[in-house]
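To start, the structure itself, in structure tokens.
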Amino acid sequence: MGYTLAQLAKKVQGKVKGDINLRITGLGTLKNATAYELSFLSNPKYQSQLNHTCAGAVLVKSEELAALVDNAVIVHNPYLAFAKLSHLFSPITQFWTGTATSCTISHSAIIADDVIFAPNVVIDDDVVIGNGCFIGAGCVVGRGSKIGADSLICPNVTIYHDVSIGKEVIIHSGVVIGADGFGFVPMKKGWEKINQIGGVNIGNQVEIGANTTIDRGTLENTQIGNGVKIDNQVQIAHNVIIDDNTAIAGCVAVAGSTKIGSFCTIAGGVGIVGHLNIVDQVHITAMSLVSKSILKAGSYSSGTGLEKTDKWRRSAARLRRIDDMSRQISKLKQQVNRLLTKG
Amino acid sequence: MGYTLAQLAKKVQGKVKGDINLRITGLGTLKNATAYELSFLSNPKYQSQLNHTCAGAVLVKSEELAALVDNAVIVHNPYLAFAKLSHLFSPITQFWTGTATSCTISHSAIIADDVIFAPNVVIDDDVVIGNGCFIGAGCVVGRGSKIGADSLICPNVTIYHDVSIGKEVIIHSGVVIGADGFGFVPMKKGWEKINQIGGVNIGNQVEIGANTTIDRGTLENTQIGNGVKIDNQVQIAHNVIIDDNTAIAGCVAVAGSTKIGSFCTIAGGVGIVGHLNIVDQVHITAMSLVSKSILKAGSYSSGTGLEKTDKWRRSAARLRRIDDMSRQISKLKQQVNRLLTKG
Amino acid sequence: MGYTLAQLAKKVQGKVKGDINLRITGLGTLKNATAYELSFLSNPKYQSQLNHTCAGAVLVKSEELAALVDNAVIVHNPYLAFAKLSHLFSPITQFWTGTATSCTISHSAIIADDVIFAPNVVIDDDVVIGNGCFIGAGCVVGRGSKIGADSLICPNVTIYHDVSIGKEVIIHSGVVIGADGFGFVPMKKGWEKINQIGGVNIGNQVEIGANTTIDRGTLENTQIGNGVKIDNQVQIAHNVIIDDNTAIAGCVAVAGSTKIGSFCTIAGGVGIVGHLNIVDQVHITAMSLVSKSILKAGSYSSGTGLEKTDKWRRSAARLRRIDDMSRQISKLKQQVNRLLTKG
């Protein structure tokens, strides 16, 4: 069980300092790792923990750091090496094989031989599921939807009809993909629904967090590019387009028809209004509201700083009168200029 | 398959310009519609697209606009006409009939003859479901709850006990209706739960988006009026009352016992604190916090504008000292007045 | 059916004024309670309702208040007494017994004799479930997870592998516990996933609202203390630690590795960024963003007040120039000081 330090070093193109035959059976933090676990030092802030760690070995980025512990693996990027090795130490999470008898799989569905269906899965007509997929208990896949090879769909996910999902995608529990976009036309007596006829296209290597929702397009498809990572409870509205490798943290909401470029990072709780264009490499800080297109890469923010509530109340009250303050300053400037001229 | 232009025009009280026998098989955007698809021009901003569209025909609001394309249907409100015609072109989303054998339906439930139950539906005692309903796979309906005629409950919806749902309601996947309101009484050693004994009443023609939650009332019912439209991931707390035809966009949270009038529009990410009263025809812009009752119709907002993060940091730091700035202005005004008087 | 006033008074150490044999069959508000229902007066603001109530009896805190109605129970804390009595008047919500035949329960799971499984429950290998638990329809519990005695898991909850849940816990529908934390290492060509190897530990007497998500830790466990109360649609990221008896309202998001003390109250829609430390007894008002550690108990806020949208636009525009305003004030002060000195 486990791997020798030499084996692990090889997997991350690293160099061992110390006992190459040390057997590692898990990963741990510098603070709590045991003598059979591998840890890592990425942030220099934690360097002092090297002196006290009980970890069997540590991933570090220099000989100097390696010298501080008995066993180390020296790599260019210890955090990335740790991420890669994390794939080796995940516990087995389930033991299902084949198709549980409680599943309902349409005869017209095209299912690769090795797909695993946990209990109570429901697959509608004309669904296509590629090799190596795992479909968790209670998942429902709607008519004509496609799931690419080696994708992992966790339990209780709902995928509506005409949704296309790429390869090596991970979808966490409670996700809903392809529900109707929020489209209504106002009338005097209420709202007329616009049927949402488009679909959803999701690229390869996408990960979608628990209870996230991605709506289908009105006429065309909502699109999520390759390598996009989406955290929990994110809401992606109809006709949104998100380019490759953008990462979106928890509780973000993107309104309809907005386009987000590639390699953007959107922090938690951000709201982005509809019909905007956000270019590549844009970073938005937590809980900001994006109400205009962003046409230049960079970091953007809105909101106010945290204060004690009583002080905040005064600040908020003053802020309501900021327009008045500004006019008072203008008047003072005129008066002072007159006084200075006179003087 | 499809409809002639004459047939479609008749359904929306429109007038055909061009080939009344043109057969339309779908809907599309001006930009991407094909020769067999119908498009629409609603926003004058997009008028120039009429020159380049390949759409078979276009819904427009005047003879002048119709003159710019080969085939058109002239209607008073093209966007509304498009919405109405969208009902004709939705794909069939599922082929279930009757009651799937994997369902668990209580013998005491009263189910109309033509209700369709997809697989794994669970219906508890004394539930009542009206004619023409479709209940999606994995839905659970609790004891004594009622669903009115012609309602569509998408897969994996959970409805607790004693919830009443009207006619022609659409509930998207992952919705939870009737979970306990968040009611606890503080004690020295923790929190005493207040059992939530009320129910939830939902009117007719309501639509509820994916993963939205509507809690049951403490003693009386949480109430959602007729024609209310609620987007995804909205949270409606216990004892909230929402009047007819109000529309609530994604990720809005309404805290307990707040009353919202009719024909309000609440944009995405808005928070509304508890025990407030909001009158009819109130509009709240995205991500605003409503912390006081709103007793006059109109549009309301809070928050700050988006800035580059470094500039925003300075603004936020200054804002903490706005009270001080205000006092400095007052002092300056006194000093300048004295100088002016002296002068 | 019901309880006499004497019986109810005894349960809350109260004193009856009026008819000790009055039979109470339910609870109601002062405004709408019937002659067979018990109501309560907690907030003095509503005292005038005592004059008009039709309630059979009222929980009050003094003889003086009791004198205003025919029947009353005098208790130290009427709101707490009401909470305690609410446990007696909840309707029975379901009638399942034993294990529904549609469940899939692993042979290696260790299940107490009296656990009730509603239909379509899926229990993976090595799960442990204690006495008196109820597991709702469609729930999925992953390999090796544990649920303590007398816990109530509502329908369609998903619990991943290696999650530990305490005793007397209530988990509402749509909750997902143990999904992967959002951990990726940036690379030139995209993001490398960090497998989330830790678990989730949830204490006793915890309540978790509908569609809330609590992610598993990266290497160690995400931890929720005893008596913590979490409302709907809350997002708790990986490695977060929440101490005992903290209460978190709807739509709050807590980012990774943040530690929150005990007896804190976090109002709705608050965002808390990652890697912070928040001490005990901290209160955060609605929709605030916590971007720094809070090392002193008290109430904290951010954001701006609600205004009419047109006025708000002007305020927001001015705020962008607050740094400039501040510099103008400094310059004015210098000029005025010079003038005053000269004078």
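Ordering of the structure tokens sets the chain letters (A, B, ...); residue numbers start at 1 within each chain; ligands are numbered from 1 in the order shown.
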
Selection: 9 Å around A:Val200, only C-alpha atoms, excl. self and same-chain fewer than 3 positions, as a PDB file with all heavy atoms, in the first residue's frame:
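Here's the written file result13.pdb:
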ATOM      1  N   ASP A 162     -31.748  17.754 -24.233  1.00  0.00           N
ATOM      2  CA  ASP A 162     -30.930  18.512 -25.184  1.00  0.00           C
ATOM      3  C   ASP A 162     -29.797  19.303 -24.528  1.00  0.00           C
ATOM      4  O   ASP A 162     -29.536  20.459 -24.877  1.00  0.00           O
ATOM      5  CB  ASP A 162     -31.811  19.461 -26.019  1.00  0.00           C
ATOM      6  CG  ASP A 162     -32.785  18.699 -26.907  1.00  0.00           C
ATOM      7  OD1 ASP A 162     -32.339  17.761 -27.588  1.00  0.00           O
ATOM      8  OD2 ASP A 162     -33.989  19.019 -26.906  1.00  0.00           O
ATOM      9  N   VAL A 163     -29.144  18.665 -23.587  1.00  0.00           N
ATOM     10  CA  VAL A 163     -27.953  19.232 -22.957  1.00  0.00           C
ATOM     11  C   VAL A 163     -26.759  18.412 -23.430  1.00  0.00           C
ATOM     12  O   VAL A 163     -26.822  17.186 -23.461  1.00  0.00           O
ATOM     13  CB  VAL A 163     -28.070  19.167 -21.416  1.00  0.00           C
ATOM     14  CG1 VAL A 163     -26.747  19.513 -20.746  1.00  0.00           C
ATOM     15  CG2 VAL A 163     -29.192  20.077 -20.925  1.00  0.00           C
ATOM     16  N   SER A 164     -25.688  19.091 -23.792  1.00  0.00           N
ATOM     17  CA  SER A 164     -24.505  18.377 -24.251  1.00  0.00           C
ATOM     18  C   SER A 164     -23.358  18.632 -23.287  1.00  0.00           C
ATOM     19  O   SER A 164     -22.995  19.779 -23.036  1.00  0.00           O
ATOM     20  CB  SER A 164     -24.146  18.866 -25.656  1.00  0.00           C
ATOM     21  OG  SER A 164     -22.892  18.337 -26.011  1.00  0.00           O
ATOM     22  N   ILE A 165     -22.805  17.554 -22.747  1.00  0.00           N
ATOM     23  CA  ILE A 165     -21.749  17.645 -21.740  1.00  0.00           C
ATOM     24  C   ILE A 165     -20.511  16.946 -22.283  1.00  0.00           C
ATOM     25  O   ILE A 165     -20.611  15.856 -22.852  1.00  0.00           O
ATOM     26  CB  ILE A 165     -22.228  16.990 -20.424  1.00  0.00           C
ATOM     27  CG1 ILE A 165     -23.376  17.823 -19.838  1.00  0.00           C
ATOM     28  CG2 ILE A 165     -21.087  16.832 -19.430  1.00  0.00           C
ATOM     29  CD1 ILE A 165     -24.084  17.176 -18.686  1.00  0.00           C
ATOM     30  N   ILE A 177     -29.045  21.273 -14.706  1.00  0.00           N
ATOM     31  CA  ILE A 177     -28.584  21.840 -15.975  1.00  0.00           C
ATOM     32  C   ILE A 177     -29.716  21.772 -16.995  1.00  0.00           C
ATOM     33  O   ILE A 177     -30.286  20.707 -17.238  1.00  0.00           O
ATOM     34  CB  ILE A 177     -27.363  21.074 -16.515  1.00  0.00           C
ATOM     35  CG1 ILE A 177     -26.228  21.178 -15.500  1.00  0.00           C
ATOM     36  CG2 ILE A 177     -26.910  21.633 -17.863  1.00  0.00           C
ATOM     37  CD1 ILE A 177     -24.982  20.419 -15.898  1.00  0.00           C
ATOM     38  N   GLY A 178     -30.023  22.928 -17.558  1.00  0.00           N
ATOM     39  CA  GLY A 178     -31.010  22.945 -18.642  1.00  0.00           C
ATOM     40  C   GLY A 178     -32.413  23.320 -18.220  1.00  0.00           C
ATOM     41  O   GLY A 178     -33.349  23.205 -19.027  1.00  0.00           O
ATOM     42  N   ILE A 214     -27.561  25.856 -14.210  1.00  0.00           N
ATOM     43  CA  ILE A 214     -27.185  26.429 -15.520  1.00  0.00           C
ATOM     44  C   ILE A 214     -28.408  26.294 -16.423  1.00  0.00           C
ATOM     45  O   ILE A 214     -28.801  25.184 -16.789  1.00  0.00           O
ATOM     46  CB  ILE A 214     -25.973  25.689 -16.123  1.00  0.00           C
ATOM     47  CG1 ILE A 214     -24.783  25.761 -15.161  1.00  0.00           C
ATOM     48  CG2 ILE A 214     -25.614  26.281 -17.482  1.00  0.00           C
ATOM     49  CD1 ILE A 214     -23.560  24.971 -15.629  1.00  0.00           C
ATOM     50  N   ASP A 215     -29.006  27.429 -16.774  1.00  0.00           N
ATOM     51  CA  ASP A 215     -30.247  27.389 -17.552  1.00  0.00           C
ATOM     52  C   ASP A 215     -30.004  27.184 -19.047  1.00  0.00           C
ATOM     53  O   ASP A 215     -28.974  27.593 -19.580  1.00  0.00           O
ATOM     54  CB  ASP A 215     -30.998  28.713 -17.377  1.00  0.00           C
ATOM     55  CG  ASP A 215     -31.762  28.770 -16.063  1.00  0.00           C
ATOM     56  OD1 ASP A 215     -31.874  27.730 -15.381  1.00  0.00           O
ATOM     57  OD2 ASP A 215     -32.267  29.862 -15.735  1.00  0.00           O
ATOM     58  N   ARG A 216     -30.991  26.617 -19.728  1.00  0.00           N
ATOM     59  CA  ARG A 216     -30.937  26.448 -21.169  1.00  0.00           C
ATOM     60  C   ARG A 216     -31.178  27.803 -21.844  1.00  0.00           C
ATOM     61  O   ARG A 216     -31.775  28.714 -21.273  1.00  0.00           O
ATOM     62  CB  ARG A 216     -31.948  25.433 -21.651  1.00  0.00           C
ATOM     63  CG  ARG A 216     -33.390  25.803 -21.401  1.00  0.00           C
ATOM     64  CD  ARG A 216     -34.355  24.613 -21.641  1.00  0.00           C
ATOM     65  NE  ARG A 216     -34.011  23.861 -22.800  1.00  0.00           N
ATOM     66  CZ  ARG A 216     -33.485  22.622 -22.734  1.00  0.00           C
ATOM     67  NH1 ARG A 216     -33.325  22.030 -21.561  1.00  0.00           N
ATOM     68  NH2 ARG A 216     -33.169  21.994 -23.831  1.00  0.00           N
ATOM     69  N   GLY A 217     -30.711  27.939 -23.080  1.00  0.00           N
ATOM     70  CA  GLY A 217     -30.871  29.178 -23.816  1.00  0.00           C
ATOM     71  C   GLY A 217     -32.285  29.368 -24.345  1.00  0.00           C
ATOM     72  O   GLY A 217     -33.077  28.418 -24.432  1.00  0.00           O
ATOM     73  N   GLU A 220     -30.790  29.908 -28.690  1.00  0.00           N
ATOM     74  CA  GLU A 220     -29.509  29.248 -28.910  1.00  0.00           C
ATOM     75  C   GLU A 220     -29.036  28.650 -27.583  1.00  0.00           C
ATOM     76  O   GLU A 220     -29.801  28.601 -26.630  1.00  0.00           O
ATOM     77  CB  GLU A 220     -28.538  30.265 -29.517  1.00  0.00           C
ATOM     78  CG  GLU A 220     -29.131  30.755 -30.856  1.00  0.00           C
ATOM     79  CD  GLU A 220     -28.364  31.859 -31.531  1.00  0.00           C
ATOM     80  OE1 GLU A 220     -27.367  32.310 -30.961  1.00  0.00           O
ATOM     81  OE2 GLU A 220     -28.784  32.262 -32.635  1.00  0.00           O
ATOM     82  N   ASN A 221     -27.812  28.162 -27.549  1.00  0.00           N
ATOM     83  CA  ASN A 221     -27.364  27.427 -26.361  1.00  0.00           C
ATOM     84  C   ASN A 221     -26.639  28.309 -25.348  1.00  0.00           C
ATOM     85  O   ASN A 221     -25.849  29.165 -25.737  1.00  0.00           O
ATOM     86  CB  ASN A 221     -26.404  26.311 -26.766  1.00  0.00           C
ATOM     87  CG  ASN A 221     -27.088  25.252 -27.605  1.00  0.00           C
ATOM     88  OD1 ASN A 221     -28.283  24.996 -27.445  1.00  0.00           O
ATOM     89  ND2 ASN A 221     -26.343  24.646 -28.517  1.00  0.00           N
ATOM     90  N   THR A 222     -26.873  28.080 -24.109  1.00  0.00           N
ATOM     91  CA  THR A 222     -25.969  28.534 -23.055  1.00  0.00           C
ATOM     92  C   THR A 222     -24.679  27.732 -23.211  1.00  0.00           C
ATOM     93  O   THR A 222     -24.737  26.526 -23.473  1.00  0.00           O
ATOM     94  CB  THR A 222     -26.602  28.270 -21.686  1.00  0.00           C
ATOM     95  OG1 THR A 222     -27.874  28.930 -21.647  1.00  0.00           O
ATOM     96  CG2 THR A 222     -25.727  28.772 -20.551  1.00  0.00           C
ATOM     97  N   GLN A 223     -23.514  28.403 -23.083  1.00  0.00           N
ATOM     98  CA  GLN A 223     -22.258  27.701 -23.373  1.00  0.00           C
ATOM     99  C   GLN A 223     -21.216  27.868 -22.272  1.00  0.00           C
ATOM    100  O   GLN A 223     -20.891  28.987 -21.905  1.00  0.00           O
ATOM    101  CB  GLN A 223     -21.650  28.255 -24.674  1.00  0.00           C
ATOM    102  CG  GLN A 223     -22.492  27.966 -25.898  1.00  0.00           C
ATOM    103  CD  GLN A 223     -21.902  28.600 -27.137  1.00  0.00           C
ATOM    104  OE1 GLN A 223     -20.699  28.508 -27.371  1.00  0.00           O
ATOM    105  NE2 GLN A 223     -22.726  29.262 -27.910  1.00  0.00           N
ATOM    106  N   ILE A 224     -20.688  26.735 -21.856  1.00  0.00           N
ATOM    107  CA  ILE A 224     -19.617  26.717 -20.855  1.00  0.00           C
ATOM    108  C   ILE A 224     -18.402  26.092 -21.530  1.00  0.00           C
ATOM    109  O   ILE A 224     -18.456  24.945 -21.969  1.00  0.00           O
ATOM    110  CB  ILE A 224     -20.030  25.872 -19.629  1.00  0.00           C
ATOM    111  CG1 ILE A 224     -21.414  26.279 -19.091  1.00  0.00           C
ATOM    112  CG2 ILE A 224     -18.951  25.928 -18.549  1.00  0.00           C
ATOM    113  CD1 ILE A 224     -21.514  27.648 -18.504  1.00  0.00           C
ATOM    114  N   HIS A 238     -29.768  32.032 -18.835  1.00  0.00           N
ATOM    115  CA  HIS A 238     -29.861  31.610 -20.240  1.00  0.00           C
ATOM    116  C   HIS A 238     -28.985  32.470 -21.160  1.00  0.00           C
ATOM    117  O   HIS A 238     -28.824  33.655 -20.953  1.00  0.00           O
ATOM    118  CB  HIS A 238     -31.293  31.588 -20.745  1.00  0.00           C
ATOM    119  CG  HIS A 238     -32.098  32.817 -20.509  1.00  0.00           C
ATOM    120  ND1 HIS A 238     -33.393  32.929 -20.961  1.00  0.00           N
ATOM    121  CD2 HIS A 238     -31.844  33.971 -19.863  1.00  0.00           C
ATOM    122  CE1 HIS A 238     -33.874  34.095 -20.601  1.00  0.00           C
ATOM    123  NE2 HIS A 238     -32.975  34.749 -19.940  1.00  0.00           N
ATOM    124  N   ASN A 239     -28.413  31.801 -22.140  1.00  0.00           N
ATOM    125  CA  ASN A 239     -27.631  32.447 -23.205  1.00  0.00           C
ATOM    126  C   ASN A 239     -26.292  33.004 -22.734  1.00  0.00           C
ATOM    127  O   ASN A 239     -25.609  33.682 -23.502  1.00  0.00           O
ATOM    128  CB  ASN A 239     -28.437  33.583 -23.873  1.00  0.00           C
ATOM    129  CG  ASN A 239     -29.803  33.109 -24.314  1.00  0.00           C
ATOM    130  OD1 ASN A 239     -29.916  32.097 -24.996  1.00  0.00           O
ATOM    131  ND2 ASN A 239     -30.842  33.809 -23.912  1.00  0.00           N
TER     132      ASN A 239
END

| task | Please determine the contact residues of chain A with respect to chain B at a cut-off of 6 Å, counting only C-alpha atoms, and supply them as a count of residues only. | result | 17

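Atom CA of B:Ile123 sits 20.3 Å away from atom CA of C:Val115.
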
#### Entry: Those in stretch 172-278 of chain C with strand (DSSP E) from DSSP, as a PyMOL selection string
chain C and resi 176-177+184-187+190-193+200-202+207-208+213-214+222-224+229-230+235-236+241-242+247-248+253-254+259-260+265-266+271-272+277-278

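The shell of residues at most 9 Å from C:Val58, with only C-alpha atoms counted and near chain neighbours (fewer than 4 positions) removed, consists of C:Leu30, C:Glu37, C:Leu38, C:Ser39, C:Phe40, C:Leu41, C:Leu50, C:Ala66, C:Val69, C:Asp70, C:Asn71, C:Ala72, C:Val73, C:Ile74, C:Pro78.
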
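Checking B:Ile294, B:Gly271, B:Val140, B:Arg23 one by one against C:Val252, counting only C-alpha atoms, you find the shortest gap at B:Gly271.
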
- Write out as a PyMOL selection string each polymer residue whose atoms come within 12 Å of stretch 15-21 of chain C, counting only C-alpha atoms; drop sequence neighbours fewer than 4 positions from it. chain C and resi 2-11+36+56-76+78+81

Quick one: write out the picked residues with C-alpha atoms as a PDB file, in the first residue's frame?
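Result file part-v8.pdb:
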ATOM      1  CA  GLY C   2     -55.060  18.592  22.766  1.00  0.00           C
ATOM      2  CA  TYR C   3     -53.929  19.570  26.239  1.00  0.00           C
ATOM      3  CA  THR C   4     -55.545  21.428  29.118  1.00  0.00           C
ATOM      4  CA  LEU C   5     -54.160  24.793  30.046  1.00  0.00           C
ATOM      5  CA  ALA C   6     -52.948  23.255  33.306  1.00  0.00           C
ATOM      6  CA  GLN C   7     -51.002  20.596  31.391  1.00  0.00           C
ATOM      7  CA  LEU C   8     -49.417  23.143  29.104  1.00  0.00           C
ATOM      8  CA  ALA C   9     -48.536  25.470  31.991  1.00  0.00           C
ATOM      9  CA  LYS C  10     -46.802  22.617  33.752  1.00  0.00           C
ATOM     10  CA  LYS C  11     -44.634  21.881  30.722  1.00  0.00           C
ATOM     11  CA  TYR C  36     -59.139  26.580  21.097  1.00  0.00           C
ATOM     12  CA  GLY C  56     -58.355  30.707  23.940  1.00  0.00           C
ATOM     13  CA  ALA C  57     -55.359  31.651  26.048  1.00  0.00           C
ATOM     14  CA  VAL C  58     -52.170  33.649  25.781  1.00  0.00           C
ATOM     15  CA  LEU C  59     -48.618  33.118  27.068  1.00  0.00           C
ATOM     16  CA  VAL C  60     -47.602  36.372  28.796  1.00  0.00           C
ATOM     17  CA  LYS C  61     -44.840  37.430  31.126  1.00  0.00           C
ATOM     18  CA  SER C  62     -46.717  39.263  33.890  1.00  0.00           C
ATOM     19  CA  GLU C  63     -49.902  39.297  35.974  1.00  0.00           C
ATOM     20  CA  GLU C  64     -50.659  42.738  34.530  1.00  0.00           C
ATOM     21  CA  LEU C  65     -50.701  41.407  30.990  1.00  0.00           C
ATOM     22  CA  ALA C  66     -52.637  38.323  32.077  1.00  0.00           C
ATOM     23  CA  ALA C  67     -55.308  40.612  33.466  1.00  0.00           C
ATOM     24  CA  LEU C  68     -56.058  41.827  29.947  1.00  0.00           C
ATOM     25  CA  VAL C  69     -57.344  38.428  28.754  1.00  0.00           C
ATOM     26  CA  ASP C  70     -59.655  35.746  30.105  1.00  0.00           C
ATOM     27  CA  ASN C  71     -57.107  32.939  30.115  1.00  0.00           C
ATOM     28  CA  ALA C  72     -53.364  33.180  30.263  1.00  0.00           C
ATOM     29  CA  VAL C  73     -50.222  31.295  31.203  1.00  0.00           C
ATOM     30  CA  ILE C  74     -47.701  33.520  32.963  1.00  0.00           C
ATOM     31  CA  VAL C  75     -44.104  32.525  32.232  1.00  0.00           C
ATOM     32  CA  HIS C  76     -40.701  34.161  32.475  1.00  0.00           C
ATOM     33  CA  PRO C  78     -43.280  33.686  26.642  1.00  0.00           C
ATOM     34  CA  ALA C  81     -42.414  28.838  26.215  1.00  0.00           C
TER      35      ALA C  81
END

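Counting only C-alpha atoms, A:Ile278 has the following residues at most 6 Å away, ignoring those fewer than 2 positions along the same chain: Ile260, Gly261, Ser293 and Ile294 of chain A.
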
Using only C-alpha atoms, which protein or nucleic acid residues come within 8 Å of C:Lys31? Drop anything in the same chain fewer than 4 positions from it, and give the result as a PyMOL selection string. chain C and resi 49+52-54

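For the atom pair formed by atom CA of C:Gln13 and atom CA of C:Ala55, the distance is 20.5 Å, given to one decimal.
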
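For the choices B:Ser257, B:Thr34, B:Thr212, B:Asn201, the atom-to-atom distance to B:Lys146 is smallest for B:Asn201 when using only C-alpha atoms.
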